[in-house]
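Peer 1: Sending over a structure as structure tokens; questions will come in a sec.
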Amino acid sequence: LSIGTLISGLLPDGQVLEGFRAEPWAVCDRVPEAVAFPETDDEVASVLCMARTHGWTCVPAGKGTWLDGGQPPSRIDVVMSLTRMDRVLEYEPADLNLTAEAGVGLDLLSKRTEPHMQWLPLDPPGLPRGTLGATVVTGSAGPLQAGYGVPRDHVLGATLVRPDGTVLRFGGRVVKNVAGFDLLKLVAGSWGTLGVVTSLTVRLHPRPAADRSVLFSGAGDAPLVELARGLARLPVSLAALDLLVPGDAERMGTGATPLVVARLMGSRDEVDEVQRMVEAVGPESPERVLEGEHSARLYQNVQAVEEGAELVIRLRMLPSRLTRTLEIAEEARAIVEPNRGFGMRLAGYVQAGLLRVIISRVARGDDWLERAGTVVSGMRDAVESDGGSLIISRGPPELLQAVGAWGASGSERALVEGVKSVFDAEALLSPGRLGVV
Amino acid sequence: VITDDARLLVYESDGLTTYRHRPLAVVLPSDTDETARVARRVRREGIPLVPRGAGTGLSGGALAHRPSIVVGTARMSEILALDPVNRLARVQPGVVNADLSRAAAPHGLQYAPDPSSQSACTLGGNVAENSGGPHCLKYGVTSRYVTGLTLVTYRGDVIRVGGFASERGSYDLVGLFVGSEGCFGIATEIEVRLVPIPQGVRTLLAIFDEIEGAAHAVTEIIGTGLLPAAVEIVDGETIRAVEASTFAAGYPVDADAALVVEFDGVEAGLDADISAAARLCQAAGAREVRTADSEEERAALWQGRKKAFGAMGRIAPDLAVQDATVPRTRLPEVLTRIREIATRHDLVIANVFHAGDGNLHPNLLFDRRNADQLERVERASGEIMQACVDVGGTITGEHGVGLDKRGYMHMVHTSEELEAMRRVKAVFDPDGGMNPGKVIPDEDPPEALPADQRTANTSVGEIAEGESP
């Protein structure tokens, strides 16, 4: 019997894909034996227990946005997608929190909370259809992390099904909770290596009355960097502060220019005042100011900036090292295939010290892998020697194998391995996804 | 090294004086290296270690509840680096919370979490307890601000976790360590984020004849989309205690509750926020709303809240400070339940709490010499915890479990969850020698501690002195 047939027996409505139908769910180019779509915690647990009995590995997923993210797992037998677990379980607007199954799309969530003038300020890279579970488990944050924090800051509680079928609940529905060791913190950024997260309680925020984006552009990149630095030092909290450098092709084609964008949110009075402060920083006045829907649409485009990219490298250094970060990023130009797609874009979350190098297509050729590996490793060395870090958030699997998605692990390695073994001693869940575990 | 009995007295309890356990000795290392050497040496003797900051904790977490050596952080009190450009600071664990904000102030920055003991409590202690404070409603608790740690384990290993610019294939070990109540290791260096000092502040005080009205106002204020920095309630019992004390704040003694609401941030818009909040208070039945225009007036409005604990000490010899969190909308019914519990057990319960977070502090007043009263206090505490858990709350919002709340852990966690916590502790501390017997109930005595192996012929003073210069 095939893995798919065996699993079908556990899922009454037969939500299992196999063969060519499993192809869209390939993880780093490798097609799983079966894709399972459980609908309840019990079904998740029974699939995991069966997998454990047979020694199958399992990769938890949402809609599949992040299947190619992180280090390719060492083995992929089953992909477990939570897209059929997409119900909002509890929503008490006055408590500003919401509990939903992990497969709920961020777009759906936003539709539910909008009538109450509330939102979950998470804007991970990708299209808005991505699931809450995958966003949290991959720790994916976007521009709004400047003003609102990263996924771990929004999560109040989680349900996790361990590979042995045990259902564990971490945290709760309240904003302050120190009842025991904070295992909830392990969920965000665990990349499906500890268990299958089936539901989450998140903290919501009131939707700000005003949403305004102030765009600065300039012929020269250096003054823009100077401006970004000045904006980062304003004594107010900006919702987002981004540096966007379009690819060469876009510069020539659409005439796009490098931009610094400050996103302001709050009451109208507050936003007006912050805008005055923002404009006082730069020598030049802003090129454009976008309000409300237009501001939101601009940021949807920013979220989609990685779409169609073959390689995305994240450089993280102290914000004060922005110029150096940009210098190191330039080294990646050596491996960009010319005249394919947009070329190489840069997108930086200035206050987090995070710069993404987004490459449309990696140059191929006889020794391409060796060349690309040398360049990326060189960049990693340069960043690390400056106290920073470099990760490849997606890329050709061969390159990920060669240089590793994540940097070398330090003195915390034994702790990481230890934590993994508490939850998944047999290493059946996304094995190798985090490099160490 | 402190071994003198008289000096050890200070270390026998923390802010919760119900528990008293004198340590074998207290060691005060001055850096990571010394701490690691102390740990390695003490472990060889199979004696547990208990980390301790300023001893302001309220759950008995920093006590030598089994014969142990306390590692105090008093001599690790240096701010190692202050980086205003990147808004980061690196500190030793013994730095006092308020001192960091004071050092950052010339740069227009502050450290956001502000527990009420901030003039005494240390950042190491804040990390251990994941401390909150009145302003964490808007700013979040300690875990949101800690970006990196240097840890010393019971085995004396030095491990660096996190770091602002460090993204690795790792779990959020910083987040996991924060709030581990000294059971995982000793944080000897702490990297934290700083935030800009808000441009302006507005504060109001609303007086209510019914505490439920105050709780309702809180739900209304937050439900309409206002984002206060702090929302605090002081109940009638507390008001009367404060007004009868030297801290008298001018709150009316016939009131059932006083509500303090504060907004901060960019000047523009603050006036609109505070008047909107004032209107909502009035609509919820406030009989009087005062606002502050100057810093002195603001301090006066806060006085009754800030001096509440000090004042309560005057009306009863002993105070059981409770701590539990409920969903904000359930506050009115939980307050009613607590009142019923107080009546049934014939106890005075004074409530002063972070209403915006739903974080209650029902304080049970008693006299420990009265055995019957003490027993009623314990029963009432248990019932209050259950009432909070019943509406979807939890048994501690910010004081931690320590020794005090281990017995309630089963109310909120299954045995599998407790077992997972126990095993995660063992990842950091396989010998079970770091602050044993805290947080998780019914923990088996750690293997490091068989009584017959405890060295009788070496004095603990010698052990520690041998390694720590």
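Identifiers in the structure tokens: chain A, B, ... in order shown; residue index from 1 per chain; ligand index from 1 in order shown.
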What lies within 12 Å of Arg7 of chain B using only C-alpha atoms, ignoring chain neighbours under 6 positions off, as an MDAnalysis selection string?

Peer 2: chainID B and resid 1 22:26

Peer 1: So that I can see what lies close to Arg87 of chain B, please list as a tab-separated table (two decimals) with N, CA and C atoms, in the first residue's frame the residues with an atom at most 9 Å from it, counting only C-alpha atoms and leaving out residues fewer than 3 positions away in the same chain.

Peer 2:
```tsv
chain	number	residue	atom	x	y	z
A	233	ARG	N	16.40	57.68	13.31
A	233	ARG	CA	16.75	58.26	14.61
A	233	ARG	C	15.69	59.23	15.13
B	82	LEU	N	26.25	51.40	25.86
B	82	LEU	CA	25.01	52.10	25.57
B	82	LEU	C	25.17	52.62	24.14
B	83	ASP	N	24.31	52.16	23.24
B	83	ASP	CA	24.45	52.48	21.82
B	83	ASP	C	23.21	53.24	21.37
B	84	PRO	N	23.22	54.57	21.53
B	84	PRO	CA	22.00	55.34	21.23
B	84	PRO	C	21.61	55.28	19.74
B	109	LEU	N	16.30	58.44	25.25
B	109	LEU	CA	15.82	57.05	25.21
B	109	LEU	C	15.49	56.55	26.62
B	192	VAL	N	19.54	44.66	25.50
B	192	VAL	CA	18.14	45.10	25.43
B	192	VAL	C	17.95	46.25	24.44
B	193	ARG	N	16.72	46.35	23.94
B	193	ARG	CA	16.35	47.46	23.08
B	193	ARG	C	15.87	48.63	23.93
B	194	LEU	N	16.19	49.82	23.48
B	194	LEU	CA	15.71	51.03	24.14
B	194	LEU	C	14.69	51.70	23.22
B	195	VAL	N	13.83	52.52	23.78
B	195	VAL	CA	12.83	53.22	22.96
B	195	VAL	C	12.89	54.71	23.24
B	196	PRO	N	12.43	55.53	22.28
B	196	PRO	CA	12.44	56.97	22.52
B	196	PRO	C	11.51	57.34	23.69
```

Peer 1: Can you tell me how far atom CA of Ala146 of chain A sits from atom CA of Met379 of chain A, in Å to one decimal?

Peer 2: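 Going from atom CA of Ala146 of chain A over to atom CA of Met379 of chain A, I get 25.1 Å.
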
Peer 1: Which neighbours of Ile233 of chain B fall inside 9 Å, counting only C-alpha atoms, when residues of the same chain fewer than 2 positions from it are skipped, and could you give them as a JSON list (two decimals) with N, CA, C and O atoms, in the first residue's frame?

Peer 2:
```
[["chain", "number", "residue", "atom", "x", "y", "z"],
["B", 211, "ILE", "N", -17.04, 49.57, 41.41],
["B", 211, "ILE", "CA", -15.82, 49.15, 40.72],
["B", 211, "ILE", "C", -16.14, 48.53, 39.36],
["B", 211, "ILE", "O", -15.37, 48.66, 38.40],
["B", 214, "ALA", "N", -15.91, 51.07, 36.73],
["B", 214, "ALA", "CA", -14.53, 51.35, 36.32],
["B", 214, "ALA", "C", -14.04, 50.29, 35.35],
["B", 214, "ALA", "O", -13.42, 50.61, 34.33],
["B", 215, "ALA", "N", -14.35, 49.02, 35.65],
["B", 215, "ALA", "CA", -13.93, 47.93, 34.77],
["B", 215, "ALA", "C", -14.60, 48.06, 33.40],
["B", 215, "ALA", "O", -13.98, 47.82, 32.37],
["B", 231, "VAL", "N", -3.45, 51.72, 32.16],
["B", 231, "VAL", "CA", -4.82, 51.77, 32.68],
["B", 231, "VAL", "C", -4.84, 50.97, 33.99],
["B", 231, "VAL", "O", -4.70, 49.76, 33.97],
["B", 235, "ASP", "N", -8.95, 49.87, 44.14],
["B", 235, "ASP", "CA", -10.30, 49.70, 44.70],
["B", 235, "ASP", "C", -10.49, 50.46, 46.01],
["B", 235, "ASP", "O", -9.54, 51.06, 46.54],
["B", 257, "ALA", "N", -13.89, 52.76, 43.62],
["B", 257, "ALA", "CA", -12.74, 52.53, 42.73],
["B", 257, "ALA", "C", -12.22, 53.84, 42.15],
["B", 257, "ALA", "O", -12.98, 54.79, 41.93],
["B", 258, "ALA", "N", -10.91, 53.88, 41.93],
["B", 258, "ALA", "CA", -10.30, 54.99, 41.20],
["B", 258, "ALA", "C", -9.61, 54.39, 39.98],
["B", 258, "ALA", "O", -8.97, 53.34, 40.08],
["B", 259, "LEU", "N", -9.79, 55.04, 38.84],
["B", 259, "LEU", "CA", -9.21, 54.54, 37.59],
["B", 259, "LEU", "C", -8.19, 55.56, 37.10],
["B", 259, "LEU", "O", -8.51, 56.74, 36.96],
["B", 260, "VAL", "N", -6.96, 55.12, 36.88],
["B", 260, "VAL", "CA", -5.93, 55.99, 36.33],
["B", 260, "VAL", "C", -5.73, 55.59, 34.86],
["B", 260, "VAL", "O", -5.51, 54.43, 34.55],
["B", 261, "VAL", "N", -5.85, 56.57, 33.95],
["B", 261, "VAL", "CA", -5.63, 56.29, 32.53],
["B", 261, "VAL", "C", -4.56, 57.26, 32.03],
["B", 261, "VAL", "O", -4.62, 58.46, 32.32],
["B", 305, "ARG", "N", -2.03, 55.05, 43.40],
["B", 305, "ARG", "CA", -1.71, 53.76, 42.78],
["B", 305, "ARG", "C", -0.31, 53.29, 43.22],
["B", 305, "ARG", "O", -0.11, 52.15, 43.58],
["B", 351, "ASN", "N", -7.84, 45.35, 46.18],
["B", 351, "ASN", "CA", -7.47, 45.07, 44.81],
["B", 351, "ASN", "C", -6.88, 46.30, 44.13],
["B", 351, "ASN", "O", -7.50, 47.35, 44.10],
["B", 352, "VAL", "N", -5.68, 46.16, 43.63],
["B", 352, "VAL", "CA", -5.05, 47.26, 42.91],
["B", 352, "VAL", "C", -4.35, 46.62, 41.73],
["B", 352, "VAL", "O", -3.57, 45.69, 41.90],
["B", 353, "PHE", "N", -4.70, 47.04, 40.51],
["B", 353, "PHE", "CA", -4.27, 46.20, 39.39],
["B", 353, "PHE", "C", -4.15, 46.90, 38.04],
["B", 353, "PHE", "O", -4.65, 48.00, 37.84],
["B", 354, "HIS", "N", -3.46, 46.18, 37.14],
["B", 354, "HIS", "CA", -3.26, 46.65, 35.76],
["B", 354, "HIS", "C", -4.51, 46.26, 34.96],
["B", 354, "HIS", "O", -4.56, 45.23, 34.31],
["B", 355, "ALA", "N", -5.53, 47.11, 35.00],
["B", 355, "ALA", "CA", -6.82, 46.75, 34.42],
["B", 355, "ALA", "C", -6.75, 46.60, 32.90],
["B", 355, "ALA", "O", -7.43, 45.76, 32.32],
["B", 356, "GLY", "N", -5.94, 47.41, 32.26],
["B", 356, "GLY", "CA", -5.86, 47.36, 30.80],
["B", 356, "GLY", "C", -5.40, 46.01, 30.29],
["B", 356, "GLY", "O", -5.80, 45.55, 29.23]]
```

Peer 1: Which residues are near Glu273 of chain A? Cut-off 8 Å, only C-alpha atoms, ignore same chain within fewer than 4 positions. Put them as a list in words.

Peer 2: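 The residues satisfying every condition are Asp269 and Met277 of chain A; Val266 and Ala268 of chain B.
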
Peer 1: Please produce a file of the residues just selected, as a PDB file, in the first residue's frame, where the atoms kept are N, CA, C and O atoms.

Peer 2:
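Below is the file result06.pdb, written as the result:
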```pdb
ATOM      1  N   ASP A 269      -4.160  63.603  13.753  1.00  0.00           N
ATOM      2  CA  ASP A 269      -3.316  64.647  14.347  1.00  0.00           C
ATOM      3  C   ASP A 269      -1.883  64.153  14.516  1.00  0.00           C
ATOM      4  O   ASP A 269      -0.916  64.843  14.217  1.00  0.00           O
ATOM      5  N   MET A 277       7.725  66.054  11.173  1.00  0.00           N
ATOM      6  CA  MET A 277       9.044  65.662  11.680  1.00  0.00           C
ATOM      7  C   MET A 277       9.839  64.918  10.601  1.00  0.00           C
ATOM      8  O   MET A 277      11.030  65.137  10.424  1.00  0.00           O
TER       9      MET A 277
ATOM     10  N   VAL B 266       3.388  61.247  20.674  1.00  0.00           N
ATOM     11  CA  VAL B 266       3.495  62.548  20.022  1.00  0.00           C
ATOM     12  C   VAL B 266       2.468  63.496  20.640  1.00  0.00           C
ATOM     13  O   VAL B 266       1.324  63.102  20.873  1.00  0.00           O
ATOM     14  N   ALA B 268       0.686  65.989  19.566  1.00  0.00           N
ATOM     15  CA  ALA B 268      -0.566  66.180  18.837  1.00  0.00           C
ATOM     16  C   ALA B 268      -1.439  64.950  19.021  1.00  0.00           C
ATOM     17  O   ALA B 268      -0.981  63.834  18.871  1.00  0.00           O
TER      18      ALA B 268
END
```

Peer 1: If you measure from atom CA of Val175 of chain A to atom CA of Ser119 of chain B, what distance in Å do you get, rounded to one decimal?

Peer 2: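 Atom-to-atom, atom CA of Val175 of chain A and atom CA of Ser119 of chain B are spaced 24.6 Å apart.
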
Peer 1: Closest to Tyr111 of chain B among B:Glu191, B:Glu237, B:Asp293, B:Asp33, using only C-alpha atoms?

Peer 2: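 Ranked by minimum distance to Tyr111 of chain B, first place goes to B:Glu191.
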
Peer 1: Identify, on the basis of only C-alpha atoms, every residue whose closest approach to Ser409 of chain A does not exceed 10 Å; exclude the query and any residue fewer than 6 positions from it along the same chain; express the result as a PyMOL selection string.

Peer 2: (chain A and resi 416+435-436) or (chain B and resi 168-170)

Peer 1: Counting only C-alpha atoms, which of A:Arg263, A:Arg297, A:Lys420, A:Lys176 gets nearest to chain B?

Peer 2: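 Of A:Arg263, A:Arg297, A:Lys420, A:Lys176, the one nearest chain B is A:Lys176, counting only C-alpha atoms.
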
Peer 1: Please provide as a list in words all residues within 8 Å of segment 64-67 of chain A, with the sequence filter that same-chain residues fewer than 6 positions apart are discarded (counting only C-alpha atoms).

Peer 2: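 My reading of the contact set: Trp25, Ala26, Val27, Cys28, Ser81, Gly126, Gly130, Ala134 and Thr138 of chain A.
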
Peer 1: Suppose we keep C-alpha atoms; can you now write the selection as a CSV table (one decimal), in the first residue's frame?

Peer 2:
```csv
chain,number,residue,atom,x,y,z
A,25,TRP,CA,3.7,20.6,-3.1
A,26,ALA,CA,7.3,19.8,-3.9
A,27,VAL,CA,9.7,20.9,-1.2
A,28,CYS,CA,12.9,22.3,-2.7
A,81,SER,CA,-1.1,21.1,4.8
A,126,GLY,CA,4.5,37.1,-0.2
A,130,GLY,CA,-0.5,33.2,3.2
A,134,ALA,CA,3.0,29.4,8.3
A,138,THR,CA,8.5,30.7,9.8
```

Peer 1: As an exercise, work out the distance from atom CA of Phe423 of chain A to atom CA of Leu184 of chain A in Å and give it to one decimal place.

Peer 2: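 Atom-to-atom, atom CA of Phe423 of chain A and atom CA of Leu184 of chain A are spaced 13.0 Å apart.
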
Peer 1: Can you list, as an MDAnalysis selection string, every protein, DNA or RNA residue that comes within 8 Å of segment 435-438 of chain B when you count only C-alpha atoms, leaving out same-chain residues fewer than 5 positions away?

Peer 2: chainID B and resid 48:51 61:62 64:66 182:183 401:403 406 443 445:446

Peer 1: I need the residues from that last selection saved to file as a short mmCIF file (atom, residue, chain, number, x, y, z; two decimals), in the first residue's frame (with all heavy atoms), if you can.

Peer 2:
```cif
data_model
loop_
_atom_site.label_atom_id
_atom_site.label_comp_id
_atom_site.auth_asym_id
_atom_site.auth_seq_id
_atom_site.Cartn_x
_atom_site.Cartn_y
_atom_site.Cartn_z
N PRO B 48 22.93 22.81 45.01
CA PRO B 48 22.21 23.62 44.03
C PRO B 48 22.59 25.10 44.10
O PRO B 48 23.07 25.58 45.13
CB PRO B 48 20.74 23.46 44.43
CG PRO B 48 20.69 22.38 45.43
CD PRO B 48 22.04 22.26 46.04
N LEU B 49 22.36 25.79 42.99
CA LEU B 49 22.57 27.23 42.91
C LEU B 49 21.21 27.91 42.76
O LEU B 49 20.34 27.43 42.05
CB LEU B 49 23.41 27.57 41.68
CG LEU B 49 24.91 27.36 41.75
CD1 LEU B 49 25.54 27.79 40.43
CD2 LEU B 49 25.51 28.15 42.90
N VAL B 50 21.09 29.07 43.40
CA VAL B 50 19.87 29.87 43.25
C VAL B 50 20.28 31.29 42.85
O VAL B 50 20.92 31.99 43.62
CB VAL B 50 19.07 29.91 44.57
CG1 VAL B 50 17.85 30.81 44.41
CG2 VAL B 50 18.65 28.51 44.99
N PRO B 51 19.95 31.72 41.62
CA PRO B 51 20.29 33.09 41.22
C PRO B 51 19.37 34.09 41.91
O PRO B 51 18.20 33.78 42.17
CB PRO B 51 20.04 33.11 39.70
CG PRO B 51 19.65 31.72 39.32
CD PRO B 51 19.25 30.99 40.54
N GLY B 61 10.74 32.92 44.42
CA GLY B 61 11.56 32.27 43.40
C GLY B 61 13.04 32.27 43.68
O GLY B 61 13.77 31.39 43.22
N ALA B 62 13.52 33.26 44.44
CA ALA B 62 14.97 33.40 44.64
C ALA B 62 15.41 32.89 46.01
O ALA B 62 16.41 33.33 46.55
CB ALA B 62 15.38 34.86 44.47
N ALA B 64 16.58 29.87 48.78
CA ALA B 64 17.31 28.60 48.88
C ALA B 64 16.40 27.60 49.56
O ALA B 64 16.61 27.20 50.70
CB ALA B 64 18.58 28.83 49.69
N HIS B 65 15.38 27.18 48.83
CA HIS B 65 14.33 26.37 49.42
C HIS B 65 14.85 24.96 49.74
O HIS B 65 14.38 24.31 50.66
CB HIS B 65 13.13 26.47 48.50
CG HIS B 65 12.42 25.23 48.17
ND1 HIS B 65 11.48 24.70 49.00
CD2 HIS B 65 12.46 24.43 47.09
CE1 HIS B 65 10.98 23.63 48.44
NE2 HIS B 65 11.56 23.44 47.29
N ARG B 66 15.87 24.51 49.01
CA ARG B 66 16.63 23.35 49.44
C ARG B 66 18.01 23.87 49.82
O ARG B 66 18.40 24.93 49.36
CB ARG B 66 16.74 22.35 48.28
CG ARG B 66 15.37 21.82 47.93
CD ARG B 66 15.39 20.85 46.83
NE ARG B 66 14.01 20.46 46.56
CZ ARG B 66 13.61 19.96 45.40
NH1 ARG B 66 14.46 19.77 44.42
NH2 ARG B 66 12.35 19.63 45.23
N GLY B 182 15.08 31.73 36.78
CA GLY B 182 16.36 31.27 37.34
C GLY B 182 16.53 29.77 37.34
O GLY B 182 17.44 29.26 37.98
N CYS B 183 15.67 29.05 36.63
CA CYS B 183 15.75 27.58 36.63
C CYS B 183 16.59 27.04 35.48
O CYS B 183 16.91 25.85 35.45
CB CYS B 183 14.35 26.98 36.54
SG CYS B 183 13.33 27.40 37.95
N VAL B 401 5.75 31.94 39.13
CA VAL B 401 5.25 30.79 39.88
C VAL B 401 6.10 30.57 41.12
O VAL B 401 5.58 30.44 42.23
CB VAL B 401 5.26 29.52 38.99
CG1 VAL B 401 4.79 28.31 39.79
CG2 VAL B 401 4.37 29.72 37.77
N GLY B 402 7.40 30.57 40.94
CA GLY B 402 8.33 30.41 42.06
C GLY B 402 7.97 29.22 42.93
O GLY B 402 7.70 28.12 42.44
N LEU B 403 7.98 29.45 44.23
CA LEU B 403 7.57 28.42 45.18
C LEU B 403 6.06 28.51 45.40
O LEU B 403 5.39 27.52 45.63
CB LEU B 403 8.22 28.70 46.55
CG LEU B 403 9.60 28.21 46.82
CD1 LEU B 403 10.00 28.60 48.25
CD2 LEU B 403 9.65 26.70 46.67
N ARG B 406 3.31 26.80 42.58
CA ARG B 406 3.46 25.48 41.97
C ARG B 406 2.19 24.67 42.10
O ARG B 406 1.80 23.93 41.21
CB ARG B 406 4.62 24.72 42.64
CG ARG B 406 5.98 25.23 42.21
CD ARG B 406 7.02 24.59 43.09
NE ARG B 406 6.63 24.72 44.49
CZ ARG B 406 7.11 23.99 45.48
NH1 ARG B 406 8.02 23.09 45.24
NH2 ARG B 406 6.72 24.20 46.72
N GLU B 443 8.31 18.06 41.21
CA GLU B 443 9.53 17.69 40.52
C GLU B 443 10.26 16.70 41.42
O GLU B 443 10.36 16.87 42.62
CB GLU B 443 10.38 18.94 40.33
CG GLU B 443 11.51 18.76 39.37
CD GLU B 443 12.32 20.04 39.24
OE1 GLU B 443 12.07 21.00 39.99
OE2 GLU B 443 13.21 20.07 38.39
N PRO B 445 13.25 15.03 43.28
CA PRO B 445 14.48 15.65 43.76
C PRO B 445 15.59 15.44 42.72
O PRO B 445 15.74 14.34 42.19
CB PRO B 445 14.80 14.88 45.04
CG PRO B 445 13.52 14.22 45.43
CD PRO B 445 12.73 14.02 44.20
N PRO B 446 16.34 16.49 42.40
CA PRO B 446 17.34 16.37 41.35
C PRO B 446 18.40 15.33 41.69
O PRO B 446 18.76 15.16 42.85
CB PRO B 446 17.95 17.77 41.28
CG PRO B 446 17.56 18.43 42.55
CD PRO B 446 16.29 17.81 42.99
#
```

Peer 1: To test your reading of the structure, identify every residue in segment 141-386 of chain B that backbone DSSP assigns to helix (DSSP H, G or I), and report it as a VMD selection string.

Peer 2: chain B and resid 142 to 144 173 to 177 211 to 223 236 to 243 270 to 283 295 to 306 308 to 315 328 to 344 355 to 357 371 to 386

Peer 1: Could you go through segment 145-365 of chain A and tell me which residues DSSP, when run on the backbone, assigns to strand (DSSP E or B), listing them as a ChimeraX atom specification?

Peer 2: /A:155-161,167-171,196-203,205-206,210-217,240-245,259-266,288-291,311-316,336,344-349,354-359,362

Peer 1: I'd like to know which of A:Gly19, A:Gly189, A:Pro38, A:Pro72 is closest to Arg433 of chain A, using only C-alpha atoms.

Peer 2: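 Of A:Gly19, A:Gly189, A:Pro38, A:Pro72, the one nearest Arg433 of chain A, counting only C-alpha atoms, is A:Pro72.
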
Peer 1: Using only C-alpha atoms, which residue out of B:Ala371, B:Ala320, B:Ala54, B:Ile159 lies closest to chain A?

Peer 2: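 Closest to chain A, using only C-alpha atoms: B:Ile159.
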